[in-house]
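Below you'll find the structure, written out as structure tokens, and then a few comments.
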There are 2 protein chains.
Amino acid sequence: MNRRNYCLVCLMTVMAFSSARAQDLVKEDFSPSEVNQPGKQYPQVNSEGRVRVQLEAPDAQYVQLDIGGVKYDLTKNEQGVWIGESAPQEEGFHYYQLNIDGASVPDPGTRYFYGAGRWGSGIEIPAHDQALYALKDVPHGLVSELSYYSEITGSSRRCFVYTPPCYEERGDNRYPVLYLQHGSFEDETGWPGQGKAGLILDNLIAEGKARPMIIVMDNGYAFRPMEVQTATNPTRPAMVFEEVMIGEIIPMIDKKFRTIDVRESRAIAGLSMGANQTMRIIMNNLDKFAYYGGFSGTANYPSAADIDADSFLGGAFSDGDRINEEIKVFWLGVGTTEPEVFPQSIGAFRNMLKKQDINHIFYESQGTAHEWLTWRRSLYQFAQQLF
Amino acid sequence: MNRRNYCLVCLMTVMAFSSARAQDLVKEDFSPSEVNQPGKQYPQVNSEGRVRVQLEAPDAQYVQLDIGGVKYDLTKNEQGVWIGESAPQEEGFHYYQLNIDGASVPDPGTRYFYGAGRWGSGIEIPAHDQALYALKDVPHGLVSELSYYSEITGSSRRCFVYTPPCYEERGDNRYPVLYLQHGSFEDETGWPGQGKAGLILDNLIAEGKARPMIIVMDNGYAFRPMEVQTATNPTRPAMVFEEVMIGEIIPMIDKKFRTIDVRESRAIAGLSMGANQTMRIIMNNLDKFAYYGGFSGTANYPSAADIDADSFLGGAFSDGDRINEEIKVFWLGVGTTEPEVFPQSIGAFRNMLKKQDINHIFYESQGTAHEWLTWRRSLYQFAQQLF
């Protein structure tokens, strides 16, 4: 090829490339996701929030990126590497997977997270307010893994416990405790992992915005052991998380950690299913807790119907004055782009609170859906109200 | 089909099935692996140590199980599900992956572990002595995650810290510390994860076989920040783990935890690359440590040549009497089925120790290779010799 023809080919290549890109309107400022495995260049995220993945699969017939309920087809290059990107995703944390010839598998480029009922890939679309949960050069608390045997469930269980930076250094101080629960199809790794509970508290405490506290993150799935489970007796075991929380977890934490063992120094909160669970727990156990946080959920979910305070949860909200006296902070939060069932059921619940003249704080996370950015922001706000 | 023909077909099917199974000699007593994701039925393990995997991939051309350096072809059934098994694997923990049309990906059925330079699938072939690291109904210590900023590397780093069951309950006791390091292409999650360090110590302490101790598990990869790294200046940054250990990790641990801050109450050990690193660290810092454990590695690796004690590691072993006086336990271990380079280099090292009349304990893990069962057993043995 002479020099002139070579230049022509180059020009045509550039034009073809630019044209394809212009059609897609994909901004070419991708960089590796912050939750990638060490040294992995893909997946990447651009400033529009698009996710670009890459996978070597020379003999595959098709590969797709499966994120946010949409499957995006990838394109194979001459080296047998498939590449492609999603539409822009909302800021925050998202679970996703790859589909290779019909097999749904984790992306080998990412770290793995438990959610949606499985350990799988996740990606972080940098949020404009990510500083609130960033890893900074401030004093860090400890996030401890604690295994224990539950007599009630007849099984080994596990919780994670955050202790604040000063906990280990001053051996006599005692601290208030927040019990913090995950949502459905998640587990006790949600809050210390993708929830970034430890980093959020480290940052709040370093700025003097939250009081040093212990946070206990346990698994909301707890079932009584079944005596007989056979094909002819497929009875589901009874859910006993409240019994485990009151009868086993709290006594264990109060024994093992330097807690302040009074109701005024104990809070309980949860997200989605965990909001529903923890609201029932506090209303049944006002002798144990004085603070409540419901993130993207209330105990009337999924109903948007008017609530009768005299019958709802056995009349737990019927005496508004008593609630105002006993619950120091009653906090509710929701993302503005969550599916309608969440704002609607929370709205119905708030109408009941208003009728009963029950004081509460209501927080809306702007532009976030039923996912972890809503809940990180909720914890950030709620923790500042505690103790 | 009449009844007689139907029976004939049934019989032929059974014979064909039995024949295939007889040829493979696969024992049909598979059960789900203990490190599967919750609710997942595959992968499974049988009493021969074979691994059987299953994956739905209706449009794949081939799917393979990639374990122990061998790729086993799976077979597709009419539902588009691929299934197949490996040859028998040695007891203990193994990393593996699936290959779908040329793509190497994690098995969506397992939990994930960091090793071989990636987060990926693992499987546990039940060992005859698994009771030593089983989760039992005994008092459990805490495994805590601690993030910290390193001035030396100019980066955030992380370690895991095991504190014994009695640590939290008796607020004034102080404890000796074991610094315990992973191998190459692994990280600080190795020992608390697949290494089961916490469970091993919980069980030893419950049986009165080991003294309660703190264990610190950090990341052996530590590099000085590069001032300039460009394509024309691709200098690898300097490895500075020893400086981080001595200058940052130990002071931080002694400040944050109730340690006994004297050399007689401090041990250091590691596996493979970590054995090599920690041997250099103790010999350069005899004022800091009095116990050493080398699991499947020594500082002369990979050489099997005779060692000259006067020049090796700057003559650190030249004065045998001094070593015997200062190092209370010098402990070496190796698996009997490890690749030759390990027993050979460790053998050359032991010959040097013998020439120098240096006391040491040598342990062989029967029938285990260069993998975590060797190292779990090594920790189990070594911890009983400490403090």
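Letters A, B, ... mark the chains of the structure tokens in the order given; residue numbers begin at 1 per chain; ligand numbers begin at 1, in order shown.
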- Item | region 284-300 of chain A environment, 9 Å, only C-alpha atoms, sequence neighbours closer than 3 positions dropped, as a PyMOL selection string | chain A and resi 178+180+246+261-281+303-305+307+312-313+316+326-335+338+342-343+345-346+348-349+370+374-375+378-379+382+386-387
- May I have all residues of region 136-343 of chain A that DSSP, computed from the backbone, assigns to strand (DSSP E or B), given as a PyMOL selection string? chain A and resi 142-150+155-163+175+177-181+214-217+223+230+233+239+259+266-271+291-295+329-335
- Message: Taking only C-alpha atoms into account, find every residue of chain B that has an atom no more than 7 Å from chain A, and write it out as a PyMOL selection string.
- Response: chain B and resi 37+56-60+101-103+105-106+108+111+118-119+137+140+142-149+168-169+171+256-257
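The space separating CA of Ile123 (chain A) from CA of Phe223 (chain B) comes to 26.8 Å.
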- Could you pull out the helix (DSSP H, G or I) residues of region 10-167 of chain A from DSSP and send them as a ChimeraX atom specification? /A:10-24,130-133
